[in-house]
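Presented below is the structure to which this report refers.
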Amino acid sequence: MAVKIEMVKQTEVKKLKAISEIAFTETFAKDNTPADLAAFLAQNYNYTQLEKELANQNSFFYFIYQQKELAGYLKLNINEAQSEASVNDALEIERIYILAAFKRQGLGQELIAFAEKVAQAQNKRQLWLGVWEHNLPAITFYKKMGFVKTGEHIFTLGSDDQTDWIMTKRINDKNSGGL
């Protein structure tokens, strides 16, 4: 399996927007109203918002490719870019999405391992993320990857306030070198 992870360039916002909308829709359309889904996509995955996030020096986007095909993406945040007030030694996995056609091929594990390396390079000691309380496949995956539930927060999708679990993973304190 030829897997490659590359940082998303500012000039790739069109590709980022497309994969963001497809992956989010594949994951959540069946459990949410079309109006809430459309509102969320319009608010969070428009060009202006994505360009702003790409320009933030404390946010990092990565595409993952399998056999040269775009299969998913990852968004990581540190410091004030984190979506929740968090401790300074944490890195947030804000978005981790694999397209449906590429699921169950180990790409999620690749992205979690990559996030750990980024966290170590940034001198962070823990990873955290929010996952919808009803997304049982994702919760199972994160538990398998060593995450534990440490709290909850509200995630608003359109007009629907949903509960996300905060899941945290302590990581090795050794710096694995640069990326």
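Just so we're on the same page: first chain in the structure tokens is A, next is B, and so on; residues restart at 1 for each chain, and ligands are numbered from 1 in the order they show up.
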
| If you run DSSP on the backbone, which residues of region 20-156 of chain A are strand (DSSP E or B), as number ranges by chain? | A: 59-66, 69-77, 90-98, 126-132, 148-156

Atoms kept (N, CA and C atoms) for selection, written as a short mmCIF file (atom, residue, chain, number, x, y, z; two decimals), in the first residue's frame:
```cif
data_model
loop_
_atom_site.label_atom_id
_atom_site.label_comp_id
_atom_site.auth_asym_id
_atom_site.auth_seq_id
_atom_site.Cartn_x
_atom_site.Cartn_y
_atom_site.Cartn_z
N SER A 59 -2.53 26.01 12.88
CA SER A 59 -3.35 24.94 12.30
C SER A 59 -2.57 24.31 11.15
N PHE A 60 -2.74 23.01 11.00
CA PHE A 60 -1.99 22.27 9.99
C PHE A 60 -2.94 21.30 9.30
N PHE A 61 -3.01 21.39 7.98
CA PHE A 61 -3.83 20.48 7.18
C PHE A 61 -2.93 19.54 6.40
N TYR A 62 -3.36 18.28 6.30
CA TYR A 62 -2.62 17.29 5.53
C TYR A 62 -3.59 16.46 4.70
N PHE A 63 -3.22 16.19 3.46
CA PHE A 63 -3.94 15.23 2.63
C PHE A 63 -3.26 13.88 2.79
N ILE A 64 -4.06 12.81 2.75
CA ILE A 64 -3.50 11.46 2.71
C ILE A 64 -3.89 10.85 1.37
N TYR A 65 -2.90 10.28 0.72
CA TYR A 65 -3.09 9.65 -0.58
C TYR A 65 -2.80 8.16 -0.47
N GLN A 66 -3.58 7.39 -1.17
CA GLN A 66 -3.30 5.96 -1.31
C GLN A 66 -3.20 5.67 -2.79
N GLU A 69 -4.11 8.42 -5.07
CA GLU A 69 -5.48 8.93 -5.05
C GLU A 69 -5.74 9.60 -3.70
N LEU A 70 -6.35 10.79 -3.75
CA LEU A 70 -6.69 11.49 -2.53
C LEU A 70 -7.73 10.68 -1.76
N ALA A 71 -7.38 10.29 -0.53
CA ALA A 71 -8.22 9.38 0.24
C ALA A 71 -8.81 10.01 1.49
N GLY A 72 -8.26 11.14 1.93
CA GLY A 72 -8.76 11.77 3.14
C GLY A 72 -7.91 12.96 3.53
N TYR A 73 -8.20 13.49 4.71
CA TYR A 73 -7.41 14.62 5.19
C TYR A 73 -7.47 14.70 6.71
N LEU A 74 -6.57 15.53 7.23
CA LEU A 74 -6.38 15.70 8.65
C LEU A 74 -6.18 17.19 8.93
N LYS A 75 -6.81 17.69 9.99
CA LYS A 75 -6.56 19.06 10.46
C LYS A 75 -6.15 18.98 11.92
N LEU A 76 -5.00 19.58 12.22
CA LEU A 76 -4.46 19.61 13.57
C LEU A 76 -4.36 21.05 14.04
N ASN A 77 -4.58 21.26 15.34
CA ASN A 77 -4.48 22.59 15.93
C ASN A 77 -3.64 22.55 17.19
N ALA A 90 -1.08 20.20 24.60
CA ALA A 90 -2.00 19.37 23.81
C ALA A 90 -2.02 19.78 22.35
N LEU A 91 -2.28 18.81 21.51
CA LEU A 91 -2.53 19.01 20.09
C LEU A 91 -3.91 18.46 19.80
N GLU A 92 -4.73 19.26 19.14
CA GLU A 92 -6.09 18.84 18.80
C GLU A 92 -6.13 18.24 17.39
N ILE A 93 -6.78 17.10 17.29
CA ILE A 93 -7.15 16.56 15.98
C ILE A 93 -8.57 17.07 15.74
N GLU A 94 -8.68 18.17 15.01
CA GLU A 94 -10.01 18.76 14.81
C GLU A 94 -10.79 18.02 13.74
N ARG A 95 -10.10 17.59 12.70
CA ARG A 95 -10.77 16.85 11.62
C ARG A 95 -9.87 15.71 11.17
N ILE A 96 -10.47 14.53 11.08
CA ILE A 96 -9.78 13.38 10.52
C ILE A 96 -10.85 12.62 9.73
N TYR A 97 -10.70 12.68 8.42
CA TYR A 97 -11.71 12.08 7.54
C TYR A 97 -11.05 11.22 6.47
N ILE A 98 -11.60 10.05 6.29
CA ILE A 98 -11.21 9.14 5.21
C ILE A 98 -12.46 8.96 4.34
N GLN A 126 -0.03 15.33 24.70
CA GLN A 126 -1.29 14.63 24.53
C GLN A 126 -1.99 15.09 23.26
N LEU A 127 -2.79 14.18 22.73
CA LEU A 127 -3.69 14.46 21.62
C LEU A 127 -5.10 14.49 22.17
N TRP A 128 -5.97 15.28 21.57
CA TRP A 128 -7.37 15.23 21.94
C TRP A 128 -8.21 15.51 20.71
N LEU A 129 -9.45 15.07 20.79
CA LEU A 129 -10.39 15.28 19.69
C LEU A 129 -11.80 15.23 20.24
N GLY A 130 -12.73 15.73 19.44
CA GLY A 130 -14.14 15.62 19.75
C GLY A 130 -14.78 14.66 18.76
N VAL A 131 -15.62 13.76 19.25
CA VAL A 131 -16.29 12.79 18.39
C VAL A 131 -17.76 12.71 18.81
N TRP A 132 -18.65 12.75 17.84
CA TRP A 132 -20.08 12.70 18.12
C TRP A 132 -20.41 11.45 18.91
N VAL A 148 -9.15 7.89 25.42
CA VAL A 148 -10.15 7.66 26.45
C VAL A 148 -11.04 8.89 26.56
N LYS A 149 -12.28 8.67 26.94
CA LYS A 149 -13.21 9.79 27.12
C LYS A 149 -12.81 10.58 28.35
N THR A 150 -12.67 11.90 28.16
CA THR A 150 -12.27 12.75 29.28
C THR A 150 -13.24 13.92 29.49
N GLY A 151 -14.27 14.01 28.66
CA GLY A 151 -15.23 15.10 28.81
C GLY A 151 -16.22 15.12 27.66
N GLU A 152 -16.95 16.21 27.58
CA GLU A 152 -17.95 16.40 26.52
C GLU A 152 -17.99 17.88 26.16
N HIS A 153 -18.45 18.16 24.94
CA HIS A 153 -18.75 19.54 24.56
C HIS A 153 -19.87 19.52 23.53
N ILE A 154 -20.43 20.68 23.27
CA ILE A 154 -21.51 20.81 22.30
C ILE A 154 -20.92 21.13 20.93
N PHE A 155 -21.39 20.41 19.94
CA PHE A 155 -21.03 20.64 18.54
C PHE A 155 -22.33 20.99 17.82
N THR A 156 -22.37 22.17 17.22
CA THR A 156 -23.60 22.60 16.56
C THR A 156 -23.51 22.32 15.07
#
```

| Residues of region 43-134 of chain A in helix (DSSP H, G or I), written as a ChimeraX atom specification | /A:43-44,47-55,79-81,100-102,107-121

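The two atoms in question, CA of Gln43 (chain A) and CA of Gly158 (chain A), are spaced 8.6 Å apart.
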
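Near Lys143 (chain A), within 12 Å and counting only C-alpha atoms, sit Gln109, Ile112, Leu129, Val131, Leu136, Pro137, Ala138, Ile139, Thr140, Gly146, Phe147, Val148, Lys149, Thr150, Trp165, Ile166, Met167, Thr168 and Lys169 of chain A; same-chain residues fewer than 3 positions away were not included.
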
Can I get the selection written as a PDB file, in the first residue's frame, with N, CA, C and O atoms?
```pdb
ATOM      1  N   GLN A 109      -5.339   4.873  10.993  1.00  0.00           N
ATOM      2  CA  GLN A 109      -4.204   4.588  11.872  1.00  0.00           C
ATOM      3  C   GLN A 109      -2.971   5.365  11.425  1.00  0.00           C
ATOM      4  O   GLN A 109      -2.218   5.876  12.252  1.00  0.00           O
ATOM      5  N   ILE A 112      -3.425   8.964  12.619  1.00  0.00           N
ATOM      6  CA  ILE A 112      -3.224   9.105  14.074  1.00  0.00           C
ATOM      7  C   ILE A 112      -1.732   9.032  14.400  1.00  0.00           C
ATOM      8  O   ILE A 112      -1.215   9.853  15.175  1.00  0.00           O
ATOM      9  N   LEU A 129      -9.455  15.074  20.786  1.00  0.00           N
ATOM     10  CA  LEU A 129     -10.388  15.281  19.694  1.00  0.00           C
ATOM     11  C   LEU A 129     -11.803  15.234  20.237  1.00  0.00           C
ATOM     12  O   LEU A 129     -12.046  14.768  21.343  1.00  0.00           O
ATOM     13  N   VAL A 131     -15.618  13.765  19.253  1.00  0.00           N
ATOM     14  CA  VAL A 131     -16.295  12.792  18.388  1.00  0.00           C
ATOM     15  C   VAL A 131     -17.760  12.714  18.814  1.00  0.00           C
ATOM     16  O   VAL A 131     -18.068  12.637  20.002  1.00  0.00           O
ATOM     17  N   LEU A 136     -20.502   5.583  16.720  1.00  0.00           N
ATOM     18  CA  LEU A 136     -19.899   4.422  17.390  1.00  0.00           C
ATOM     19  C   LEU A 136     -18.706   3.830  16.652  1.00  0.00           C
ATOM     20  O   LEU A 136     -17.728   3.434  17.304  1.00  0.00           O
ATOM     21  N   PRO A 137     -18.705   3.756  15.310  1.00  0.00           N
ATOM     22  CA  PRO A 137     -17.499   3.247  14.649  1.00  0.00           C
ATOM     23  C   PRO A 137     -16.265   4.099  14.958  1.00  0.00           C
ATOM     24  O   PRO A 137     -15.185   3.562  15.203  1.00  0.00           O
ATOM     25  N   ALA A 138     -16.427   5.425  14.969  1.00  0.00           N
ATOM     26  CA  ALA A 138     -15.294   6.300  15.263  1.00  0.00           C
ATOM     27  C   ALA A 138     -14.854   6.147  16.716  1.00  0.00           C
ATOM     28  O   ALA A 138     -13.658   6.075  17.003  1.00  0.00           O
ATOM     29  N   ILE A 139     -15.803   6.088  17.635  1.00  0.00           N
ATOM     30  CA  ILE A 139     -15.467   5.923  19.050  1.00  0.00           C
ATOM     31  C   ILE A 139     -14.699   4.626  19.270  1.00  0.00           C
ATOM     32  O   ILE A 139     -13.682   4.598  19.970  1.00  0.00           O
ATOM     33  N   THR A 140     -15.157   3.558  18.647  1.00  0.00           N
ATOM     34  CA  THR A 140     -14.466   2.266  18.748  1.00  0.00           C
ATOM     35  C   THR A 140     -13.045   2.379  18.210  1.00  0.00           C
ATOM     36  O   THR A 140     -12.090   1.871  18.818  1.00  0.00           O
ATOM     37  N   GLY A 146      -6.051   4.097  21.594  1.00  0.00           N
ATOM     38  CA  GLY A 146      -5.554   4.518  22.895  1.00  0.00           C
ATOM     39  C   GLY A 146      -6.186   5.769  23.474  1.00  0.00           C
ATOM     40  O   GLY A 146      -5.737   6.272  24.506  1.00  0.00           O
ATOM     41  N   PHE A 147      -7.234   6.273  22.853  1.00  0.00           N
ATOM     42  CA  PHE A 147      -7.933   7.447  23.375  1.00  0.00           C
ATOM     43  C   PHE A 147      -8.940   7.020  24.438  1.00  0.00           C
ATOM     44  O   PHE A 147      -9.522   5.948  24.345  1.00  0.00           O
ATOM     45  N   VAL A 148      -9.149   7.890  25.423  1.00  0.00           N
ATOM     46  CA  VAL A 148     -10.149   7.657  26.454  1.00  0.00           C
ATOM     47  C   VAL A 148     -11.035   8.893  26.562  1.00  0.00           C
ATOM     48  O   VAL A 148     -10.592  10.019  26.316  1.00  0.00           O
ATOM     49  N   LYS A 149     -12.283   8.674  26.937  1.00  0.00           N
ATOM     50  CA  LYS A 149     -13.214   9.786  27.116  1.00  0.00           C
ATOM     51  C   LYS A 149     -12.810  10.580  28.351  1.00  0.00           C
ATOM     52  O   LYS A 149     -12.651  10.021  29.429  1.00  0.00           O
ATOM     53  N   THR A 150     -12.665  11.902  28.165  1.00  0.00           N
ATOM     54  CA  THR A 150     -12.273  12.755  29.280  1.00  0.00           C
ATOM     55  C   THR A 150     -13.237  13.921  29.490  1.00  0.00           C
ATOM     56  O   THR A 150     -13.030  14.736  30.387  1.00  0.00           O
ATOM     57  N   TRP A 165     -18.090  13.712  22.484  1.00  0.00           N
ATOM     58  CA  TRP A 165     -17.192  13.276  23.538  1.00  0.00           C
ATOM     59  C   TRP A 165     -15.829  13.885  23.274  1.00  0.00           C
ATOM     60  O   TRP A 165     -15.368  13.924  22.128  1.00  0.00           O
ATOM     61  N   ILE A 166     -15.184  14.344  24.315  1.00  0.00           N
ATOM     62  CA  ILE A 166     -13.778  14.726  24.238  1.00  0.00           C
ATOM     63  C   ILE A 166     -13.000  13.462  24.582  1.00  0.00           C
ATOM     64  O   ILE A 166     -13.229  12.841  25.624  1.00  0.00           O
ATOM     65  N   MET A 167     -12.120  13.065  23.686  1.00  0.00           N
ATOM     66  CA  MET A 167     -11.282  11.888  23.912  1.00  0.00           C
ATOM     67  C   MET A 167      -9.823  12.323  23.851  1.00  0.00           C
ATOM     68  O   MET A 167      -9.443  13.123  22.995  1.00  0.00           O
ATOM     69  N   THR A 168      -9.025  11.802  24.769  1.00  0.00           N
ATOM     70  CA  THR A 168      -7.641  12.230  24.939  1.00  0.00           C
ATOM     71  C   THR A 168      -6.716  11.016  24.921  1.00  0.00           C
ATOM     72  O   THR A 168      -7.083   9.938  25.386  1.00  0.00           O
ATOM     73  N   LYS A 169      -5.531  11.242  24.400  1.00  0.00           N
ATOM     74  CA  LYS A 169      -4.498  10.201  24.409  1.00  0.00           C
ATOM     75  C   LYS A 169      -3.179  10.828  24.833  1.00  0.00           C
ATOM     76  O   LYS A 169      -2.727  11.799  24.229  1.00  0.00           O
TER      77      LYS A 169
END
```

| request: Do a neighbour search on Ala29 (chain A) at 12 Å with only C-alpha atoms, toss out local chain neighbours closer than 6 positions, and write the hits as number ranges by chain. | output: A: 21-23, 35-38, 40-41, 157

| Which is closer to Lys144 (chain A) than all the others in A:Phe102, A:Asp89, A:Ala121, A:Gly108, using only C-alpha atoms? |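 The answer is A:Gly108, which sits nearest to Lys144 (chain A).
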
| query | From the list A:Glu6, A:Val118, A:Met145, A:Glu26, which residue is nearest Ala101 (chain A) when using only C-alpha atoms? | reply |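 Closest to Ala101 (chain A), using only C-alpha atoms: A:Glu26.
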
| What separation in Å, quoted to one decimal, exists between CA of Ser83 (chain A) and CA of Asn58 (chain A)? |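 Those two atoms sit 11.5 Å apart.
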